[in-house]
file query_23.cif (mmCIF, C-alpha atoms and all ligand atoms)
data_work
#
loop_
_atom_site.label_atom_id
_atom_site.label_comp_id
_atom_site.auth_asym_id
_atom_site.auth_seq_id
_atom_site.Cartn_x
_atom_site.Cartn_y
_atom_site.Cartn_z
CA MET A 152 -3.23 16.25 26.02
CA SER A 153 -0.08 16.23 23.84
CA ALA A 154 0.21 18.47 20.78
CA PRO A 155 -0.97 16.95 17.50
CA VAL A 156 1.63 15.24 15.34
CA GLY A 157 2.59 17.62 12.50
CA ILE A 158 2.78 16.25 8.96
CA ALA A 159 4.23 17.63 5.75
CA VAL A 160 2.38 16.02 2.82
CA ILE A 161 4.40 15.71 -0.38
CA GLY A 162 2.29 14.61 -3.35
CA LEU A 163 -1.35 15.71 -3.63
CA GLY A 164 -2.69 13.08 -6.04
CA VAL A 165 -5.12 10.26 -5.23
CA ILE A 166 -3.42 9.02 -2.09
CA GLY A 167 -2.11 12.37 -0.85
CA ARG A 168 -5.64 13.76 -0.93
CA ARG A 169 -6.89 10.67 0.91
CA MET A 170 -4.35 11.47 3.61
CA LEU A 171 -5.72 15.02 3.83
CA GLU A 172 -9.31 13.73 4.13
CA GLN A 173 -8.46 11.18 6.78
CA THR A 174 -6.24 13.38 8.94
CA ALA A 175 -9.04 15.98 8.98
CA LEU A 176 -11.11 13.48 11.01
CA ARG A 177 -8.60 13.45 13.88
CA GLN A 178 -7.42 15.74 16.66
CA ASP A 179 -4.02 14.09 17.13
CA LEU A 180 -2.71 14.74 13.59
CA ARG A 181 -2.33 18.06 11.81
CA VAL A 182 -1.22 18.70 8.24
CA VAL A 183 1.23 21.56 8.72
CA SER A 184 2.23 21.99 5.08
CA ALA A 185 1.84 20.39 1.68
CA TRP A 186 3.35 20.48 -1.77
CA ASP A 187 3.06 18.83 -5.19
CA LEU A 188 5.19 19.26 -8.29
CA ASP A 189 2.07 19.90 -10.35
CA ALA A 190 0.56 23.39 -10.02
CA GLY A 191 -2.92 22.05 -10.89
CA ALA A 192 -2.74 19.50 -8.06
CA ARG A 193 -1.69 22.27 -5.65
CA THR A 194 -4.57 24.52 -6.74
CA ARG A 195 -7.14 21.71 -6.50
CA ALA A 196 -5.94 20.70 -3.05
CA GLN A 197 -6.07 24.27 -1.83
CA ALA A 198 -9.61 24.67 -3.17
CA ASP A 199 -10.87 21.35 -1.78
CA PHE A 200 -9.16 21.56 1.62
CA PRO A 201 -9.70 25.09 2.94
CA GLY A 202 -7.01 26.06 5.41
CA LEU A 203 -4.38 23.82 3.80
CA THR A 204 -0.99 25.55 3.73
CA VAL A 205 0.61 24.87 0.36
CA ALA A 206 4.30 25.73 0.62
CA ALA A 207 6.43 27.47 -2.03
CA ASP A 208 8.34 24.26 -2.72
CA ALA A 209 9.07 20.86 -1.19
CA ALA A 210 11.99 22.14 0.88
CA ALA A 211 9.78 24.82 2.43
CA ALA A 212 7.02 22.27 3.14
CA ILE A 213 9.49 20.00 4.92
CA ALA A 214 11.15 22.88 6.80
CA ALA A 215 7.87 24.33 8.06
CA PRO A 216 7.85 24.76 11.86
CA GLY A 217 5.87 22.02 13.59
CA VAL A 218 6.55 19.23 11.08
CA ASP A 219 7.37 15.93 12.85
CA VAL A 220 6.99 13.53 9.94
CA VAL A 221 7.13 13.78 6.15
CA TYR A 222 4.45 11.79 4.34
CA ILE A 223 5.71 10.87 0.86
CA GLY A 224 2.68 10.35 -1.40
CA THR A 225 4.41 10.71 -4.76
CA PRO A 226 5.10 8.03 -7.40
CA PRO A 227 7.92 5.67 -6.29
CA GLY A 228 10.65 7.24 -8.47
CA VAL A 229 11.08 10.14 -6.01
CA HIS A 230 10.40 8.42 -2.65
CA ARG A 231 14.11 8.20 -1.90
CA HIS A 232 14.70 11.84 -2.81
CA TYR A 233 12.09 13.05 -0.31
CA ALA A 234 13.19 10.56 2.35
CA ARG A 235 16.66 12.11 2.14
CA MET A 236 15.24 15.61 2.48
CA ALA A 237 13.26 14.53 5.55
CA SER A 238 16.19 12.81 7.23
CA ALA A 239 18.47 15.78 6.51
CA ARG A 240 16.16 17.79 8.78
CA GLY A 241 15.94 15.06 11.43
CA LEU A 242 12.31 14.28 10.59
CA LYS A 243 10.60 10.89 10.52
CA VAL A 244 9.49 9.37 7.23
CA PHE A 245 6.08 7.90 6.39
CA CYS A 246 6.38 6.65 2.82
CA GLU A 247 3.95 5.22 0.33
CA LYS A 248 4.56 1.79 -1.10
CA PRO A 249 6.29 0.55 -3.22
CA LEU A 250 9.31 1.71 -1.25
CA ALA A 251 11.30 2.88 -4.27
CA VAL A 252 11.47 2.53 -8.03
CA ASP A 253 13.59 -0.62 -7.94
CA VAL A 254 15.37 -2.89 -5.50
CA ASP A 255 18.75 -1.15 -5.81
CA GLU A 256 17.26 2.19 -4.98
CA GLY A 257 15.18 0.64 -2.19
CA ARG A 258 18.35 -0.85 -0.71
CA GLN A 259 20.13 2.48 -0.87
CA MET A 260 17.14 4.17 0.73
CA VAL A 261 17.05 1.66 3.60
CA GLY A 262 20.82 2.08 4.05
CA GLU A 263 20.56 5.87 4.14
CA LEU A 264 17.66 5.82 6.59
CA ALA A 265 19.58 3.46 8.86
CA ALA A 266 22.81 5.46 8.61
CA SER A 267 21.06 8.70 9.53
CA GLY A 268 19.03 7.03 12.29
CA THR A 269 15.77 8.13 10.62
CA PRO A 270 12.73 6.18 11.82
CA SER A 271 10.58 5.08 8.87
CA ALA A 272 7.19 3.54 8.27
CA VAL A 273 5.53 2.48 5.02
CA ASN A 274 1.82 2.76 4.24
CA PHE A 275 0.56 -0.75 3.52
CA VAL A 276 -2.82 0.50 4.65
CA TYR A 277 -4.95 -2.46 3.60
CA ALA A 278 -3.35 -4.72 6.19
CA SER A 279 -5.05 -2.43 8.74
CA ALA A 280 -8.49 -3.02 7.21
CA PRO A 281 -10.95 -4.63 9.65
CA ALA A 282 -11.36 -7.61 7.27
CA ALA A 283 -7.60 -8.23 7.12
CA ARG A 284 -7.27 -7.97 10.90
CA ALA A 285 -10.20 -10.36 11.42
CA LEU A 286 -8.64 -12.78 8.94
CA GLN A 287 -5.37 -12.65 10.86
CA ARG A 288 -7.14 -13.32 14.18
CA ALA A 289 -9.07 -16.25 12.69
CA ILE A 290 -5.86 -17.81 11.36
CA ASP A 291 -3.97 -17.18 14.61
CA ASP A 292 -6.69 -18.72 16.77
CA GLY A 293 -6.61 -21.88 14.67
CA SER A 294 -10.25 -21.68 13.61
CA ILE A 295 -9.55 -22.84 10.03
CA GLY A 296 -7.04 -25.42 11.19
CA MET A 297 -3.60 -25.56 9.63
CA PRO A 298 -3.26 -23.16 6.64
CA ARG A 299 -2.57 -25.27 3.55
CA ALA A 300 -2.81 -22.93 0.56
CA ILE A 301 -3.25 -19.30 -0.46
CA ASP A 302 -4.91 -18.09 -3.66
CA VAL A 303 -4.62 -14.47 -4.82
CA HIS A 304 -6.76 -13.49 -7.76
CA LEU A 305 -6.75 -10.04 -9.38
CA PHE A 306 -8.66 -8.81 -12.40
CA PHE A 307 -8.89 -5.20 -13.57
CA SER A 308 -11.03 -4.44 -16.59
CA ARG A 309 -8.88 -1.33 -17.12
CA TRP A 310 -5.46 -0.49 -15.79
CA PRO A 311 -5.06 2.01 -14.19
CA ARG A 312 -8.53 1.76 -12.72
CA ASP A 313 -10.96 4.61 -13.40
CA TRP A 314 -10.38 6.23 -10.01
CA GLN A 315 -6.65 6.33 -10.79
CA ALA A 316 -7.06 7.69 -14.31
CA SER A 317 -4.93 10.74 -13.48
CA ALA A 318 -2.05 8.48 -12.32
CA GLN A 319 -0.81 7.54 -15.79
CA TRP A 320 2.59 6.52 -14.42
CA LEU A 321 0.78 3.36 -13.26
CA ARG A 322 0.63 2.24 -16.94
CA LEU A 323 4.38 2.35 -17.28
CA ARG A 324 6.83 -0.50 -16.80
CA ARG A 325 9.37 1.66 -15.03
CA GLU A 326 7.27 2.41 -11.94
CA GLY A 327 3.77 1.07 -12.47
CA GLY A 328 1.74 -2.08 -13.06
CA PHE A 329 -0.74 -3.91 -10.86
CA THR A 330 1.89 -6.31 -9.53
CA ARG A 331 3.68 -3.48 -7.75
CA GLU A 332 0.59 -1.45 -7.03
CA VAL A 333 -1.85 -4.11 -5.79
CA LEU A 334 -0.09 -7.46 -5.38
CA SER A 335 2.49 -5.77 -3.11
CA HIS A 336 -0.24 -5.25 -0.48
CA PHE A 337 -0.96 -8.98 -0.52
CA VAL A 338 2.72 -9.92 -0.40
CA PHE A 339 2.99 -7.73 2.69
CA LEU A 340 -0.10 -9.38 4.16
CA MET A 341 1.31 -12.86 3.47
CA MET A 342 4.57 -11.89 5.18
CA ARG A 343 2.62 -10.58 8.15
CA LEU A 344 0.42 -13.69 8.34
CA PHE A 345 3.05 -16.35 7.72
CA GLY A 346 6.37 -14.67 8.48
CA ASP A 347 7.83 -15.02 5.00
CA CYS A 348 6.86 -14.98 1.34
CA ARG A 349 9.44 -16.19 -1.15
CA PRO A 350 9.01 -16.27 -4.94
CA ILE A 351 9.17 -19.74 -6.52
CA GLY A 352 8.41 -18.84 -10.13
CA ALA A 353 6.43 -16.51 -12.33
CA SER A 354 5.28 -16.02 -15.87
CA VAL A 355 4.52 -12.49 -17.05
CA ASP A 356 2.58 -11.44 -20.14
CA TRP A 357 4.26 -8.21 -21.35
CA PRO A 358 2.86 -6.05 -24.15
CA ASP A 359 5.03 -5.45 -27.23
CA ASP A 360 5.51 -1.84 -26.21
CA GLU A 361 8.43 -2.09 -23.78
CA GLY A 362 7.39 1.08 -22.04
CA LEU A 363 4.13 -0.42 -20.79
CA CYS A 364 3.45 -2.53 -17.70
CA GLU A 365 2.42 -6.19 -17.51
CA ARG A 366 -0.91 -7.45 -18.85
CA ALA A 367 -1.04 -10.68 -16.83
CA LEU A 368 0.94 -12.58 -14.22
CA ILE A 369 0.88 -16.13 -12.89
CA ALA A 370 3.14 -16.67 -9.91
CA ARG A 371 3.90 -19.17 -7.17
CA LEU A 372 5.29 -18.20 -3.78
CA ASP A 373 6.24 -20.05 -0.65
CA CYS A 374 4.99 -18.46 2.56
CA ASN A 375 6.88 -20.39 5.24
CA GLY A 376 5.70 -23.71 3.84
CA VAL A 377 2.26 -22.51 2.73
CA PRO A 378 2.10 -22.43 -1.08
CA ALA A 379 0.56 -19.36 -2.70
CA LEU A 380 -0.76 -19.13 -6.24
CA VAL A 381 -1.30 -15.73 -7.88
CA THR A 382 -3.34 -15.19 -11.02
CA ALA A 383 -3.69 -11.60 -12.21
CA ARG A 384 -4.84 -9.88 -15.38
CA ALA A 385 -5.68 -6.42 -16.63
CA GLY A 386 -7.91 -5.72 -19.62
CA GLY A 387 -11.21 -7.24 -20.67
CA ALA A 388 -14.88 -7.06 -19.86
CA GLY A 389 -16.43 -7.73 -16.48
CA PRO A 390 -16.23 -6.31 -12.99
CA ASP A 391 -12.90 -5.98 -11.22
CA GLU A 392 -12.00 -8.85 -8.87
CA VAL A 393 -9.62 -8.64 -5.92
CA ARG A 394 -9.69 -11.85 -3.87
CA PHE A 395 -7.35 -13.35 -1.31
CA THR A 396 -8.19 -16.82 0.01
CA VAL A 397 -6.47 -18.80 2.75
CA ARG A 398 -7.47 -22.47 2.77
CA GLY A 399 -6.95 -24.42 5.98
CA ASP A 400 -7.67 -28.06 6.69
CA ARG A 401 -10.88 -27.19 8.60
CA GLY A 402 -12.10 -24.06 6.81
CA ALA A 403 -11.25 -21.25 4.45
CA LEU A 404 -11.25 -17.45 4.71
CA ARG A 405 -11.64 -15.03 1.85
CA LEU A 406 -10.98 -11.29 1.62
CA GLU A 407 -12.72 -9.47 -1.22
CA ASN A 408 -11.67 -5.96 -2.17
CA TRP A 409 -10.00 -5.74 1.25
CA TYR A 410 -13.22 -4.78 2.94
CA LYS A 411 -15.28 -7.97 2.97
CA LEU A 412 -14.40 -11.18 4.82
CA SER A 413 -16.16 -14.48 4.18
CA ARG A 414 -15.70 -17.90 5.65
CA SER A 415 -16.46 -21.38 4.41
CA ASP A 416 -16.40 -24.61 6.37
CA GLY A 417 -16.89 -26.57 3.18
CA SER A 418 -20.20 -25.13 2.00
CA ALA A 419 -21.10 -21.68 0.61
CA TRP A 420 -19.12 -18.57 1.63
CA GLN A 421 -20.65 -16.82 4.65
CA PRO A 422 -19.98 -13.07 5.08
CA GLN A 423 -18.39 -12.35 8.47
CA PRO A 424 -19.33 -9.37 10.67
CA LEU A 425 -16.55 -6.79 11.03
CA GLU A 426 -15.63 -4.33 13.80
CA THR A 427 -15.20 -0.80 12.49
CA GLY A 428 -14.07 0.71 15.80
CA GLY A 429 -16.59 3.56 15.65
CA ALA A 430 -15.79 4.57 12.04
CA HIS A 431 -18.84 4.86 9.80
CA ASP A 432 -17.47 2.54 7.11
CA VAL A 433 -14.78 -0.13 6.76
CA ARG A 434 -12.63 2.00 4.45
CA THR A 435 -12.45 4.81 6.99
CA ALA A 436 -11.83 2.24 9.73
CA ALA A 437 -8.80 0.91 7.80
CA TYR A 438 -7.32 4.34 7.28
CA GLN A 439 -7.98 5.46 10.84
CA ALA A 440 -6.34 2.31 12.22
CA GLN A 441 -3.35 3.09 10.02
CA LEU A 442 -3.25 6.66 11.32
CA ASP A 443 -3.41 5.38 14.92
CA GLY A 444 -0.23 3.52 13.95
CA LEU A 445 1.26 6.67 12.43
CA VAL A 446 0.68 8.69 15.62
CA ALA A 447 2.20 5.92 17.74
CA PHE A 448 5.17 5.64 15.35
CA VAL A 449 5.92 9.37 15.49
CA ARG A 450 5.53 9.50 19.28
CA GLY A 451 7.87 6.55 19.70
CA ASN A 452 5.15 4.24 21.02
CA PRO A 453 4.61 0.60 19.96
CA HIS A 454 2.85 0.37 16.59
CA GLY A 455 2.22 -2.17 13.85
CA LEU A 456 3.45 -0.25 10.82
CA PRO A 457 6.19 -1.89 8.73
CA ASP A 458 9.47 -0.03 8.39
CA ALA A 459 11.42 0.61 5.19
CA ALA A 460 13.47 -2.58 5.61
CA THR A 461 10.27 -4.66 5.67
CA ALA A 462 8.93 -2.78 2.64
CA LEU A 463 12.20 -3.57 0.87
CA ARG A 464 11.58 -7.30 1.44
CA VAL A 465 8.15 -6.86 -0.17
CA GLN A 466 9.70 -4.96 -3.05
CA ALA A 467 12.39 -7.59 -3.59
CA THR A 468 9.71 -10.29 -3.82
CA ILE A 469 7.61 -8.25 -6.24
CA GLU A 470 10.57 -7.32 -8.45
CA ALA A 471 11.71 -10.96 -8.54
CA LEU A 472 8.28 -11.94 -9.92
CA LEU A 473 8.61 -9.29 -12.63
CA ALA A 474 12.24 -10.02 -13.47
CA PRO A 475 12.81 -11.71 -16.86
CA ALA A 476 14.50 -14.72 -15.29
CA ALA A 477 11.81 -15.35 -12.69
N1 LIG B 1 -1.24 2.79 0.31
C1 LIG B 1 -2.17 2.70 -0.62
O1 LIG B 1 -3.22 2.10 -0.43
C2 LIG B 1 -1.94 3.33 -1.95
C3 LIG B 1 -3.01 3.51 -2.84
C4 LIG B 1 -2.74 4.17 -4.05
C5 LIG B 1 -1.45 4.60 -4.31
N2 LIG B 1 -0.44 4.36 -3.44
C6 LIG B 1 0.92 4.81 -3.69
O2 LIG B 1 0.97 6.21 -3.44
C7 LIG B 1 1.89 6.82 -4.33
C8 LIG B 1 1.15 7.87 -5.16
O3 LIG B 1 0.10 7.23 -5.86
P1 LIG B 1 -1.19 8.06 -6.35
O4 LIG B 1 -2.18 7.02 -6.74
O5 LIG B 1 -1.57 9.09 -5.35
O6 LIG B 1 -0.58 8.74 -7.66
P2 LIG B 1 -1.07 10.12 -8.33
O7 LIG B 1 -0.41 10.17 -9.65
O8 LIG B 1 -2.54 10.26 -8.21
O9 LIG B 1 -0.43 11.22 -7.38
C9 LIG B 1 0.95 11.45 -7.29
C10 LIG B 1 1.16 12.95 -7.12
O10 LIG B 1 2.57 13.15 -6.96
C11 LIG B 1 2.92 14.30 -7.71
N3 LIG B 1 4.33 14.24 -8.03
C12 LIG B 1 4.95 13.57 -9.04
N4 LIG B 1 6.27 13.77 -8.99
C13 LIG B 1 6.50 14.59 -7.94
C14 LIG B 1 7.66 15.16 -7.38
N5 LIG B 1 8.87 14.94 -7.89
N6 LIG B 1 7.51 15.96 -6.29
C15 LIG B 1 6.29 16.22 -5.76
N7 LIG B 1 5.16 15.71 -6.26
C16 LIG B 1 5.25 14.90 -7.32
C17 LIG B 1 2.03 14.27 -8.94
O11 LIG B 1 1.91 15.56 -9.50
C18 LIG B 1 0.73 13.75 -8.34
O12 LIG B 1 -0.13 14.80 -7.95
C19 LIG B 1 2.50 5.70 -5.15
O13 LIG B 1 3.67 5.23 -4.54
C20 LIG B 1 1.41 4.63 -5.10
O14 LIG B 1 1.93 3.33 -5.32
C21 LIG B 1 -0.68 3.77 -2.27
#

call {"tool": "encode", "arguments": {"input": "query_23.cif", "output": "structure tokens"}}
result
Amino acid sequence: MSAPVGIAVIGLGVIGRRMLEQTALRQDLRVVSAWDLDAGARTRAQADFPGLTVAADAAAAIAAPGVDVVYIGTPPGVHRHYARMASARGLKVFCEKPLAVDVDEGRQMVGELAASGTPSAVNFVYASAPAARALQRAIDDGSIGMPRAIDVHLFFSRWPRDWQASAQWLRLRREGGFTREVLSHFVFLMMRLFGDCRPIGASVDWPDDEGLCERALIARLDCNGVPALVTARAGGAGPDEVRFTVRGDRGALRLENWYKLSRSDGSAWQPQPLETGGAHDVRTAAYQAQLDGLVAFVRGNPHGLPDAATALRVQATIEALLAPAA
């Protein structure tokens, strides 16, 4: 059996810790080293993940013997910085989405990765969820007929959501907002399903405070001839809603919260059974499928993870929706 793939984890917040939890379930991945700018995050990670090697600084984490790939789980403003550090040591890059803090920086990052010959992959993990994969199969096998329309609907009673309360950068216009954080996953999914996803127009409700992120967004996109309508809002009473619906001429499919798939042939929505591939829940199944892709990516085998250039296309679409002239 080949040696486990060695990872350096940079960023030990919500998603970095999820990476630690999920890699611990596998034999073929090993977290060699980790680091976070925040001393409290380092201490918490060390306490919660016994055996974790927290390095003296990011450079030491990346330079640790046995690291094959650097996982960048920080806010987007420093993704490029760590990608450069990884490629300077000849390591592969597994980066969180959004790719970078803006399109210019994303472009530079893609250019630098290409120039240095650094293989990259970006963690649009929800597209690996069993519900998203089943939706893709159902569309591909023609069971809903010709796709005619896509509806994306997001509502968050509070932004950032309670489980992201420590990630206050998500409130800020510079790097945060639910359009970048959540809609980007759906833009990626639409590109994967339909081959393209081009902005047609958008209207954004911005708060008076120019430092803060959007409050609401209505947008139209064209996904290779299939029109998509996005309605999204943060703030207000009621449960959060995350819905993605593809309407064909013979049936419709709906993803809810990424982990539930329903189907309608004209009457009420019917929940669809999902394959979890041996994982005890659909969330773990999504992450483990993504990590199967990570192992294949690092070993140079075929995999389904998007690279930085694909993530840049997602980012360009998202930033166009948020741009004043959109
Ligand atoms: N793929 C997904 O499903 C998913 C889900 C949530 C978040 N994300 C993405 O993951 C990234 C991190 O999000 P999060 O929710 O974990 O945020 P977070 O704020 O919970 O964690 C980020 C961590 O990075 C650390 N950090 C900040 N600047 C740093 C620097 N210069 N060097 C090292 N560490 C630094 C912070 O101290 C913090 O611990 C973002 O890009 C976010 O969009 C992806």

call {"tool": "closest_residue", "arguments": {"input": "query_23.cif", "among": "A:Asp373, A:Asp292, A:Glu326, A:Glu332", "to": "ligand LIG 1 (chain B)", "atoms": "all atoms listed in the file"}}
result
A:Glu332

call {"tool": "closest_residue", "arguments": {"input": "query_23.cif", "among": "A:His232, A:Lys243, A:Arg288, A:Lys248", "to": "ligand LIG 1 (chain B)", "atoms": "only C-alpha atoms and all ligand atoms"}}
result
A:Lys248

call {"tool": "residues_near_ligand", "arguments": {"input": "query_23.cif", "ligand": "ligand LIG 1 (chain B)", "cutoff": "6 Å", "atoms": "only C-alpha atoms and all ligand atoms", "output": "list of chain:residue names"}}
result
A:Ile161, A:Gly162, A:Leu163, A:Gly164, A:Val165, A:Ile166, A:Gly167, A:Asp187, A:Leu188, A:Asp189, A:Ala192, A:Gly224, A:Thr225, A:Pro226, A:Pro227, A:Val229, A:Glu247, A:Lys248, A:Pro249, A:Asn274, A:Phe275, A:Val276, A:Ser317, A:Ala318, A:Glu332

call {"tool": "write_last_selection", "arguments": {"input": "query_23.cif", "atoms": "C-alpha atoms", "output": "JSON list (two decimals), keeping the file's coordinate frame"}}
result
[["chain", "number", "residue", "atom", "x", "y", "z"],
["A", 161, "ILE", "CA", 4.40, 15.71, -0.38],
["A", 162, "GLY", "CA", 2.29, 14.61, -3.35],
["A", 163, "LEU", "CA", -1.35, 15.71, -3.63],
["A", 164, "GLY", "CA", -2.69, 13.08, -6.04],
["A", 165, "VAL", "CA", -5.12, 10.26, -5.23],
["A", 166, "ILE", "CA", -3.42, 9.02, -2.09],
["A", 167, "GLY", "CA", -2.11, 12.37, -0.85],
["A", 187, "ASP", "CA", 3.06, 18.83, -5.19],
["A", 188, "LEU", "CA", 5.19, 19.26, -8.29],
["A", 189, "ASP", "CA", 2.07, 19.90, -10.35],
["A", 192, "ALA", "CA", -2.74, 19.50, -8.06],
["A", 224, "GLY", "CA", 2.68, 10.35, -1.40],
["A", 225, "THR", "CA", 4.41, 10.71, -4.76],
["A", 226, "PRO", "CA", 5.10, 8.03, -7.40],
["A", 227, "PRO", "CA", 7.92, 5.67, -6.29],
["A", 229, "VAL", "CA", 11.08, 10.14, -6.01],
["A", 247, "GLU", "CA", 3.95, 5.22, 0.33],
["A", 248, "LYS", "CA", 4.56, 1.79, -1.10],
["A", 249, "PRO", "CA", 6.29, 0.55, -3.22],
["A", 274, "ASN", "CA", 1.82, 2.76, 4.24],
["A", 275, "PHE", "CA", 0.56, -0.75, 3.52],
["A", 276, "VAL", "CA", -2.82, 0.50, 4.65],
["A", 317, "SER", "CA", -4.93, 10.74, -13.48],
["A", 318, "ALA", "CA", -2.05, 8.48, -12.32],
["A", 332, "GLU", "CA", 0.59, -1.45, -7.03]]

call {"tool": "residues_around", "arguments": {"input": "query_23.cif", "residues": "Gly257 of chain A", "least_positions_apart": "3", "cutoff": "9 Å", "atoms": "only C-alpha atoms", "output": "ChimeraX atom specification"}}
result
/A:231,249-254,260-262,459-460,462-463,466-467

call {"tool": "residues_near_point", "arguments": {"input": "query_23.cif", "point": "(10.5, 10.3, 4.2)", "cutoff": "8 Å", "atoms": "all atoms listed in the file", "output": "list in words"}}
result
Val220, Val221, Tyr222, Ile223, His230, Arg231, Tyr233, Ala234, Arg235, Met236, Ala237, Ser238, Leu242, Lys243, Val244, Phe245, Cys246 and Ser271 of chain A

call {"tool": "closest_residue", "arguments": {"input": "query_23.cif", "among": "A:Ser294, A:Ser335, A:Ser184, A:Thr174", "to": "Arg464 of chain A", "atoms": "only C-alpha atoms"}}
result
A:Ser335

call {"tool": "closest_residue", "arguments": {"input": "query_23.cif", "among": "A:Arg349, A:Lys411, A:Arg366, A:Arg398", "to": "Ile469 of chain A", "atoms": "only C-alpha atoms"}}
result
A:Arg349

call {"tool": "decode", "arguments": {"input": "query_23.cif", "residues": "segment 345-351 of chain A", "atoms": "all heavy atoms", "output": "mmCIF file, in the first residue's frame"}}
result
data_model
loop_
_atom_site.group_PDB
_atom_site.id
_atom_site.type_symbol
_atom_site.label_atom_id
_atom_site.label_comp_id
_atom_site.auth_asym_id
_atom_site.auth_seq_id
_atom_site.Cartn_x
_atom_site.Cartn_y
_atom_site.Cartn_z
ATOM 1 N N PHE A 345 -24.094 22.223 -16.545
ATOM 2 C CA PHE A 345 -24.510 22.739 -17.858
ATOM 3 C C PHE A 345 -23.354 23.255 -18.709
ATOM 4 O O PHE A 345 -23.560 23.680 -19.838
ATOM 5 C CB PHE A 345 -25.571 23.840 -17.680
ATOM 6 C CG PHE A 345 -26.786 23.330 -16.943
ATOM 7 C CD1 PHE A 345 -27.025 23.691 -15.630
ATOM 8 C CD2 PHE A 345 -27.663 22.454 -17.557
ATOM 9 C CE1 PHE A 345 -28.125 23.199 -14.933
ATOM 10 C CE2 PHE A 345 -28.767 21.951 -16.878
ATOM 11 C CZ PHE A 345 -28.997 22.321 -15.560
ATOM 12 N N GLY A 346 -22.142 23.241 -18.155
ATOM 13 C CA GLY A 346 -20.969 23.599 -18.950
ATOM 14 C C GLY A 346 -20.628 25.072 -18.921
ATOM 15 O O GLY A 346 -19.522 25.457 -19.271
ATOM 16 N N ASP A 347 -21.561 25.905 -18.500
ATOM 17 C CA ASP A 347 -21.279 27.337 -18.478
ATOM 18 C C ASP A 347 -22.300 28.022 -17.567
ATOM 19 O O ASP A 347 -23.366 27.459 -17.290
ATOM 20 C CB ASP A 347 -21.392 27.911 -19.905
ATOM 21 C CG ASP A 347 -20.767 29.297 -20.002
ATOM 22 O OD1 ASP A 347 -19.997 29.676 -19.094
ATOM 23 O OD2 ASP A 347 -21.063 30.003 -20.980
ATOM 24 N N CYS A 348 -21.987 29.209 -17.118
ATOM 25 C CA CYS A 348 -22.906 29.948 -16.255
ATOM 26 C C CYS A 348 -22.498 31.416 -16.337
ATOM 27 O O CYS A 348 -21.511 31.825 -15.726
ATOM 28 C CB CYS A 348 -22.784 29.415 -14.833
ATOM 29 S SG CYS A 348 -23.975 30.104 -13.734
ATOM 30 N N ARG A 349 -23.236 32.160 -17.128
ATOM 31 C CA ARG A 349 -22.834 33.528 -17.465
ATOM 32 C C ARG A 349 -23.808 34.522 -16.838
ATOM 33 O O ARG A 349 -25.034 34.337 -16.954
ATOM 34 C CB ARG A 349 -22.890 33.665 -19.000
ATOM 35 C CG ARG A 349 -21.978 34.679 -19.610
ATOM 36 C CD ARG A 349 -21.856 34.422 -21.113
ATOM 37 N NE ARG A 349 -23.115 34.054 -21.768
ATOM 38 C CZ ARG A 349 -24.020 34.931 -22.207
ATOM 39 N NH1 ARG A 349 -23.840 36.217 -22.061
ATOM 40 N NH2 ARG A 349 -25.114 34.502 -22.794
ATOM 41 N N PRO A 350 -23.307 35.567 -16.176
ATOM 42 C CA PRO A 350 -24.235 36.536 -15.578
ATOM 43 C C PRO A 350 -24.968 37.344 -16.652
ATOM 44 O O PRO A 350 -24.361 37.746 -17.640
ATOM 45 C CB PRO A 350 -23.324 37.453 -14.760
ATOM 46 C CG PRO A 350 -21.944 37.183 -15.214
ATOM 47 C CD PRO A 350 -21.899 35.894 -15.936
ATOM 48 N N ILE A 351 -26.268 37.558 -16.448
ATOM 49 C CA ILE A 351 -27.061 38.391 -17.355
ATOM 50 C C ILE A 351 -27.343 39.740 -16.692
ATOM 51 O O ILE A 351 -27.313 40.787 -17.322
ATOM 52 C CB ILE A 351 -28.420 37.727 -17.687
ATOM 53 C CG1 ILE A 351 -28.212 36.336 -18.278
ATOM 54 C CG2 ILE A 351 -29.258 38.612 -18.597
ATOM 55 C CD1 ILE A 351 -27.562 36.341 -19.635
#
